[in-house]
Amino acid sequence: MSNLLIAATSVSNSPITHAGKAIGLALGVGLGALGAGIGIGNIFSSMIQSVARQPELRGELTGIQWLGFALTEAVVFYGLLGSILAYVLV
Amino acid sequence: MKRLLVAMSTLALLLPANAFARGEFDPTTEFEQKEWIPIHLGPIDMSITKAVAYLMIATVVTIAFGLFFMRGTPGRKAGRRETIGELVYDVAQQQVAEQGLPHKAIGRWFPYVATLMLFIFIVNFLGFIPLPLTGETWHGIPVWGIYAATSSISVTLALALLTFFFTHIEGIRWNGPVRYFKSWIPDAPKLLLGLIVPLEILGQFMRLISLSVRLFANMLAGHILILTFIGLIFILQSLVLAVFVVPVAAVFYMFEVVIVIGIQAFIFAALSAIYIGSAIEPEH
């Protein structure tokens, strides 16, 4: 195991490094998408409930809903950006 | 139908014998900036690149949009043309400006946030219209491609810097420097202040990052997604794959055009309005 690690760190072009980078990239984006998926689901479920209770507030709520959607969705892209940086720089 | 699909997919995976011997195509090269007209003023690089060309077109289109849709002739009934203009104006006024800006500052900052919304929308929208601006030629014919200027971080960072500076200038102008910077210090036990105040100051700069990276990463990821799916044909060198990847790419394309570009423009303008508004009227 330790031999493996030394090989991976000393030869930056080895297949293990490539595999690690790919796993890191996928893990970053995937976990970001996981969190954002939960968040976006929460936003839309709350929106449906609010509109079902008070349909007359729909117009006002729509703006807030999209604001929350975009703020949450951006989390994926922070993850993506961090992963790509790690992928390129390491 | 289902059986056909399964057969096709098996065929698609079997057909290229050297499927994983990579082709020449790499989607990231689409985002490289090449100097078309080099302009170097000392250390400042002001060369005309693809992004600059797209921004110039977007500026012209934004001005034309305003002139065409927002100018009603007096004494005539408003037609469809004016209705579109009013729709944009309504969104900018009610959803963006009035949500974030306090009443006393709306006259001064409404034009800024409305322009921001319209301009970002048009830059984003131009990014999804194929234009012969890829800078490559195929047998002398310019290659058509999609590229959004907002998928370059310099563009979005410049826009975010505008908002950042306006926020603090307005905060100081309305409240005076002492009261404005004091408003960053929240009510908290003295012991915690040493922890909170650096975080607040950091938060002001995080706004800059979150504003710029949100727009930039959204547009970049959208384009990479579409280009990668279409690029699979060239990467795996199998034309049969087109049956699958082109519809998927089309779905993502529609998602980006219908939902993402409008929302991103709206968000950028709305957050700018909220930031400027919260600097003009601090909570305490």
# chains A, B, ... in the order shown; residues from 1 in each chain; ligands from 1
>>> interface_residues(of="chain A", to="chain B", cutoff="12 Å", atoms="only C-alpha atoms", output="PyMOL selection string")
chain A and resi 29+59-82+84
>>> write_last_selection(atoms="N, CA and C atoms", output="compact mmCIF listing (two decimals), in the first residue's frame")
# COMPACT_ATOMS: atom_id res chain seq x y z
N VAL A 29 -18.40 17.11 -7.88
CA VAL A 29 -19.63 17.49 -8.58
C VAL A 29 -20.82 16.71 -8.03
N GLY A 59 -47.97 35.49 -7.05
CA GLY A 59 -47.14 36.47 -7.76
C GLY A 59 -45.94 36.91 -6.95
N GLU A 60 -46.18 37.21 -5.67
CA GLU A 60 -45.08 37.66 -4.82
C GLU A 60 -44.10 36.54 -4.54
N LEU A 61 -44.64 35.33 -4.39
CA LEU A 61 -43.77 34.21 -4.02
C LEU A 61 -42.87 33.77 -5.17
N THR A 62 -43.35 33.96 -6.41
CA THR A 62 -42.58 33.46 -7.54
C THR A 62 -41.17 34.06 -7.59
N GLY A 63 -41.10 35.37 -7.35
CA GLY A 63 -39.79 36.02 -7.36
C GLY A 63 -38.86 35.43 -6.32
N ILE A 64 -39.39 35.25 -5.11
CA ILE A 64 -38.58 34.69 -4.03
C ILE A 64 -38.16 33.27 -4.36
N GLN A 65 -39.10 32.53 -4.98
CA GLN A 65 -38.81 31.14 -5.32
C GLN A 65 -37.63 31.04 -6.28
N TRP A 66 -37.66 31.88 -7.33
CA TRP A 66 -36.57 31.79 -8.31
C TRP A 66 -35.27 32.28 -7.73
N LEU A 67 -35.35 33.27 -6.84
CA LEU A 67 -34.13 33.73 -6.16
C LEU A 67 -33.51 32.58 -5.37
N GLY A 68 -34.35 31.89 -4.62
CA GLY A 68 -33.84 30.76 -3.83
C GLY A 68 -33.33 29.65 -4.71
N PHE A 69 -34.04 29.41 -5.82
CA PHE A 69 -33.61 28.36 -6.75
C PHE A 69 -32.21 28.64 -7.27
N ALA A 70 -31.99 29.89 -7.72
CA ALA A 70 -30.70 30.20 -8.32
C ALA A 70 -29.59 30.18 -7.28
N LEU A 71 -29.91 30.66 -6.07
CA LEU A 71 -28.88 30.65 -5.02
C LEU A 71 -28.48 29.23 -4.67
N THR A 72 -29.45 28.34 -4.64
CA THR A 72 -29.16 26.94 -4.29
C THR A 72 -28.44 26.23 -5.42
N GLU A 73 -28.93 26.49 -6.63
CA GLU A 73 -28.38 25.80 -7.79
C GLU A 73 -26.90 26.12 -7.97
N ALA A 74 -26.53 27.35 -7.59
CA ALA A 74 -25.15 27.77 -7.77
C ALA A 74 -24.18 26.90 -6.97
N VAL A 75 -24.68 26.25 -5.92
CA VAL A 75 -23.82 25.41 -5.09
C VAL A 75 -23.16 24.31 -5.91
N VAL A 76 -23.92 23.74 -6.86
CA VAL A 76 -23.34 22.71 -7.73
C VAL A 76 -22.13 23.25 -8.44
N PHE A 77 -22.27 24.51 -8.89
CA PHE A 77 -21.20 25.05 -9.72
C PHE A 77 -19.99 25.44 -8.90
N TYR A 78 -20.21 25.79 -7.61
CA TYR A 78 -19.05 25.99 -6.76
C TYR A 78 -18.29 24.67 -6.61
N GLY A 79 -19.06 23.58 -6.44
CA GLY A 79 -18.44 22.26 -6.35
C GLY A 79 -17.71 21.90 -7.62
N LEU A 80 -18.38 22.17 -8.75
CA LEU A 80 -17.80 21.87 -10.06
C LEU A 80 -16.50 22.64 -10.25
N LEU A 81 -16.54 23.93 -9.90
CA LEU A 81 -15.37 24.78 -10.09
C LEU A 81 -14.22 24.29 -9.22
N GLY A 82 -14.52 23.98 -7.96
CA GLY A 82 -13.47 23.47 -7.07
C GLY A 82 -12.89 22.17 -7.59
N ILE A 84 -12.84 21.12 -10.74
CA ILE A 84 -12.05 21.34 -11.95
C ILE A 84 -10.70 21.94 -11.58
>>> residues_around(residues="range 196-205 of chain B", least_positions_apart="4", cutoff="8 Å", atoms="only C-alpha atoms", output="number ranges by chain")
B: 184-186, 192, 209
>>> atom_distance(atom1="CA of Ile48 in chain A", atom2="CA of Tyr275 in chain B")
28.2 Å
>>> select_by_dssp(residues="range 94-273 of chain B", states="strand (DSSP E)", output="MDAnalysis selection string")
chainID B and resid 137:138 141:142
>>> write_last_selection(atoms="N, CA and C atoms", output="PDB file, in the first residue's frame")
ATOM      1  N   THR B 137     -11.946  28.159 -39.589  1.00  0.00           N
ATOM      2  CA  THR B 137     -12.565  28.059 -40.911  1.00  0.00           C
ATOM      3  C   THR B 137     -12.498  26.623 -41.391  1.00  0.00           C
ATOM      4  N   TRP B 138     -13.479  26.268 -42.151  1.00  0.00           N
ATOM      5  CA  TRP B 138     -13.526  24.942 -42.752  1.00  0.00           C
ATOM      6  C   TRP B 138     -13.638  25.130 -44.249  1.00  0.00           C
ATOM      7  N   ILE B 141     -14.850  28.548 -45.213  1.00  0.00           N
ATOM      8  CA  ILE B 141     -16.129  29.026 -44.664  1.00  0.00           C
ATOM      9  C   ILE B 141     -15.964  29.137 -43.156  1.00  0.00           C
ATOM     10  N   PRO B 142     -16.362  30.268 -42.544  1.00  0.00           N
ATOM     11  CA  PRO B 142     -16.261  30.374 -41.084  1.00  0.00           C
ATOM     12  C   PRO B 142     -17.134  29.327 -40.393  1.00  0.00           C
TER      13      PRO B 142
END
>>> residues_around(residues="Ala86 in chain A", least_positions_apart="6", cutoff="9 Å", atoms="only C-alpha atoms", output="list in words")
Lys21, Gly24 and Leu25 of chain A
>>> residues_around(residues="Arg58 in chain A", least_positions_apart="6", cutoff="9 Å", atoms="only C-alpha atoms", output="list in words")
Met47, Ser50 and Val51 of chain A
>>> atom_distance(atom1="CA of Ser278 in chain B", atom2="CA of Leu157 in chain B")
20.8 Å
>>> atom_distance(atom1="CA of Phe128 in chain B", atom2="CA of Ala26 in chain A")
26.4 Å
>>> residues_around(residues="Ile106 in chain B", least_positions_apart="4", cutoff="10 Å", atoms="only C-alpha atoms", output="VMD selection string")
chain B and resid 93 97 to 98 100 to 102 110 to 113 273 277
>>> write_last_selection(atoms="all heavy atoms", output="mmCIF file, in the first residue's frame")
data_model
loop_
_atom_site.group_PDB
_atom_site.id
_atom_site.type_symbol
_atom_site.label_atom_id
_atom_site.label_comp_id
_atom_site.auth_asym_id
_atom_site.auth_seq_id
_atom_site.Cartn_x
_atom_site.Cartn_y
_atom_site.Cartn_z
ATOM 1 N N GLN B 93 -38.841 46.482 -12.712
ATOM 2 C CA GLN B 93 -39.269 47.403 -11.651
ATOM 3 C C GLN B 93 -39.807 46.661 -10.437
ATOM 4 O O GLN B 93 -39.360 46.897 -9.313
ATOM 5 C CB GLN B 93 -40.334 48.352 -12.186
ATOM 6 C CG GLN B 93 -40.587 49.503 -11.241
ATOM 7 C CD GLN B 93 -41.825 50.276 -11.578
ATOM 8 O OE1 GLN B 93 -42.483 50.006 -12.573
ATOM 9 N NE2 GLN B 93 -42.159 51.237 -10.755
ATOM 10 N N ALA B 97 -36.120 45.832 -8.816
ATOM 11 C CA ALA B 97 -35.765 47.074 -8.133
ATOM 12 C C ALA B 97 -36.525 47.237 -6.821
ATOM 13 O O ALA B 97 -35.934 47.535 -5.782
ATOM 14 C CB ALA B 97 -36.004 48.258 -9.059
ATOM 15 N N GLU B 98 -37.852 47.021 -6.862
ATOM 16 C CA GLU B 98 -38.635 47.289 -5.653
ATOM 17 C C GLU B 98 -38.410 46.245 -4.573
ATOM 18 O O GLU B 98 -38.708 46.494 -3.402
ATOM 19 C CB GLU B 98 -40.122 47.390 -6.021
ATOM 20 C CG GLU B 98 -40.432 48.725 -6.683
ATOM 21 C CD GLU B 98 -41.876 48.831 -7.134
ATOM 22 O OE1 GLU B 98 -42.656 47.919 -6.852
ATOM 23 O OE2 GLU B 98 -42.192 49.847 -7.777
ATOM 24 N N GLY B 100 -35.403 45.049 -3.769
ATOM 25 C CA GLY B 100 -34.138 45.256 -3.089
ATOM 26 C C GLY B 100 -33.867 46.684 -2.684
ATOM 27 O O GLY B 100 -33.357 46.945 -1.600
ATOM 28 N N LEU B 101 -34.208 47.627 -3.564
ATOM 29 C CA LEU B 101 -33.815 49.011 -3.314
ATOM 30 C C LEU B 101 -34.826 49.715 -2.419
ATOM 31 O O LEU B 101 -36.031 49.510 -2.574
ATOM 32 C CB LEU B 101 -33.713 49.757 -4.646
ATOM 33 C CG LEU B 101 -32.616 49.282 -5.585
ATOM 34 C CD1 LEU B 101 -32.798 49.902 -6.953
ATOM 35 C CD2 LEU B 101 -31.260 49.655 -5.045
ATOM 36 N N PRO B 102 -34.357 50.539 -1.479
ATOM 37 C CA PRO B 102 -35.294 51.351 -0.706
ATOM 38 C C PRO B 102 -35.906 52.433 -1.593
ATOM 39 O O PRO B 102 -35.377 52.765 -2.649
ATOM 40 C CB PRO B 102 -34.421 51.954 0.383
ATOM 41 C CG PRO B 102 -33.048 51.915 -0.154
ATOM 42 C CD PRO B 102 -32.977 50.739 -1.069
ATOM 43 N N PHE B 110 -32.498 52.314 -10.260
ATOM 44 C CA PHE B 110 -33.303 51.483 -11.157
ATOM 45 C C PHE B 110 -32.662 51.337 -12.531
ATOM 46 O O PHE B 110 -32.578 50.216 -13.056
ATOM 47 C CB PHE B 110 -34.735 52.018 -11.278
ATOM 48 C CG PHE B 110 -35.536 51.319 -12.319
ATOM 49 C CD1 PHE B 110 -35.947 50.020 -12.110
ATOM 50 C CD2 PHE B 110 -35.839 51.929 -13.524
ATOM 51 C CE1 PHE B 110 -36.667 49.349 -13.079
ATOM 52 C CE2 PHE B 110 -36.547 51.264 -14.495
ATOM 53 C CZ PHE B 110 -36.964 49.972 -14.273
ATOM 54 N N PRO B 111 -32.165 52.428 -13.145
ATOM 55 C CA PRO B 111 -31.545 52.251 -14.470
ATOM 56 C C PRO B 111 -30.392 51.259 -14.449
ATOM 57 O O PRO B 111 -30.246 50.459 -15.372
ATOM 58 C CB PRO B 111 -31.050 53.653 -14.813
ATOM 59 C CG PRO B 111 -31.893 54.558 -14.032
ATOM 60 C CD PRO B 111 -32.225 53.841 -12.766
ATOM 61 N N TYR B 112 -29.598 51.285 -13.386
ATOM 62 C CA TYR B 112 -28.448 50.372 -13.324
ATOM 63 C C TYR B 112 -28.896 48.924 -13.281
ATOM 64 O O TYR B 112 -28.434 48.097 -14.073
ATOM 65 C CB TYR B 112 -27.576 50.722 -12.114
ATOM 66 C CG TYR B 112 -26.483 49.725 -11.861
ATOM 67 C CD1 TYR B 112 -25.456 49.558 -12.785
ATOM 68 C CD2 TYR B 112 -26.474 48.936 -10.724
ATOM 69 C CE1 TYR B 112 -24.464 48.637 -12.572
ATOM 70 C CE2 TYR B 112 -25.480 48.014 -10.502
ATOM 71 C CZ TYR B 112 -24.476 47.864 -11.429
ATOM 72 O OH TYR B 112 -23.501 46.951 -11.216
ATOM 73 N N VAL B 113 -29.812 48.595 -12.359
ATOM 74 C CA VAL B 113 -30.186 47.180 -12.238
ATOM 75 C C VAL B 113 -30.971 46.711 -13.464
ATOM 76 O O VAL B 113 -30.823 45.566 -13.892
ATOM 77 C CB VAL B 113 -30.956 46.897 -10.931
ATOM 78 C CG1 VAL B 113 -30.043 46.999 -9.756
ATOM 79 C CG2 VAL B 113 -32.159 47.758 -10.785
ATOM 80 N N ALA B 273 -29.380 44.707 -6.672
ATOM 81 C CA ALA B 273 -30.319 45.636 -6.048
ATOM 82 C C ALA B 273 -30.347 45.425 -4.536
ATOM 83 O O ALA B 273 -30.337 46.392 -3.765
ATOM 84 C CB ALA B 273 -31.713 45.447 -6.637
ATOM 85 N N GLY B 277 -29.204 48.156 -1.943
ATOM 86 C CA GLY B 277 -30.242 48.599 -1.014
ATOM 87 C C GLY B 277 -29.827 48.403 0.433
ATOM 88 O O GLY B 277 -30.058 49.265 1.275
#
>>> residues_around(residues="Thr59 in chain B", least_positions_apart="2", cutoff="12 Å", atoms="only C-alpha atoms", output="PyMOL selection string")
chain B and resi 52-57+61-66+115-116+118-123+126+149
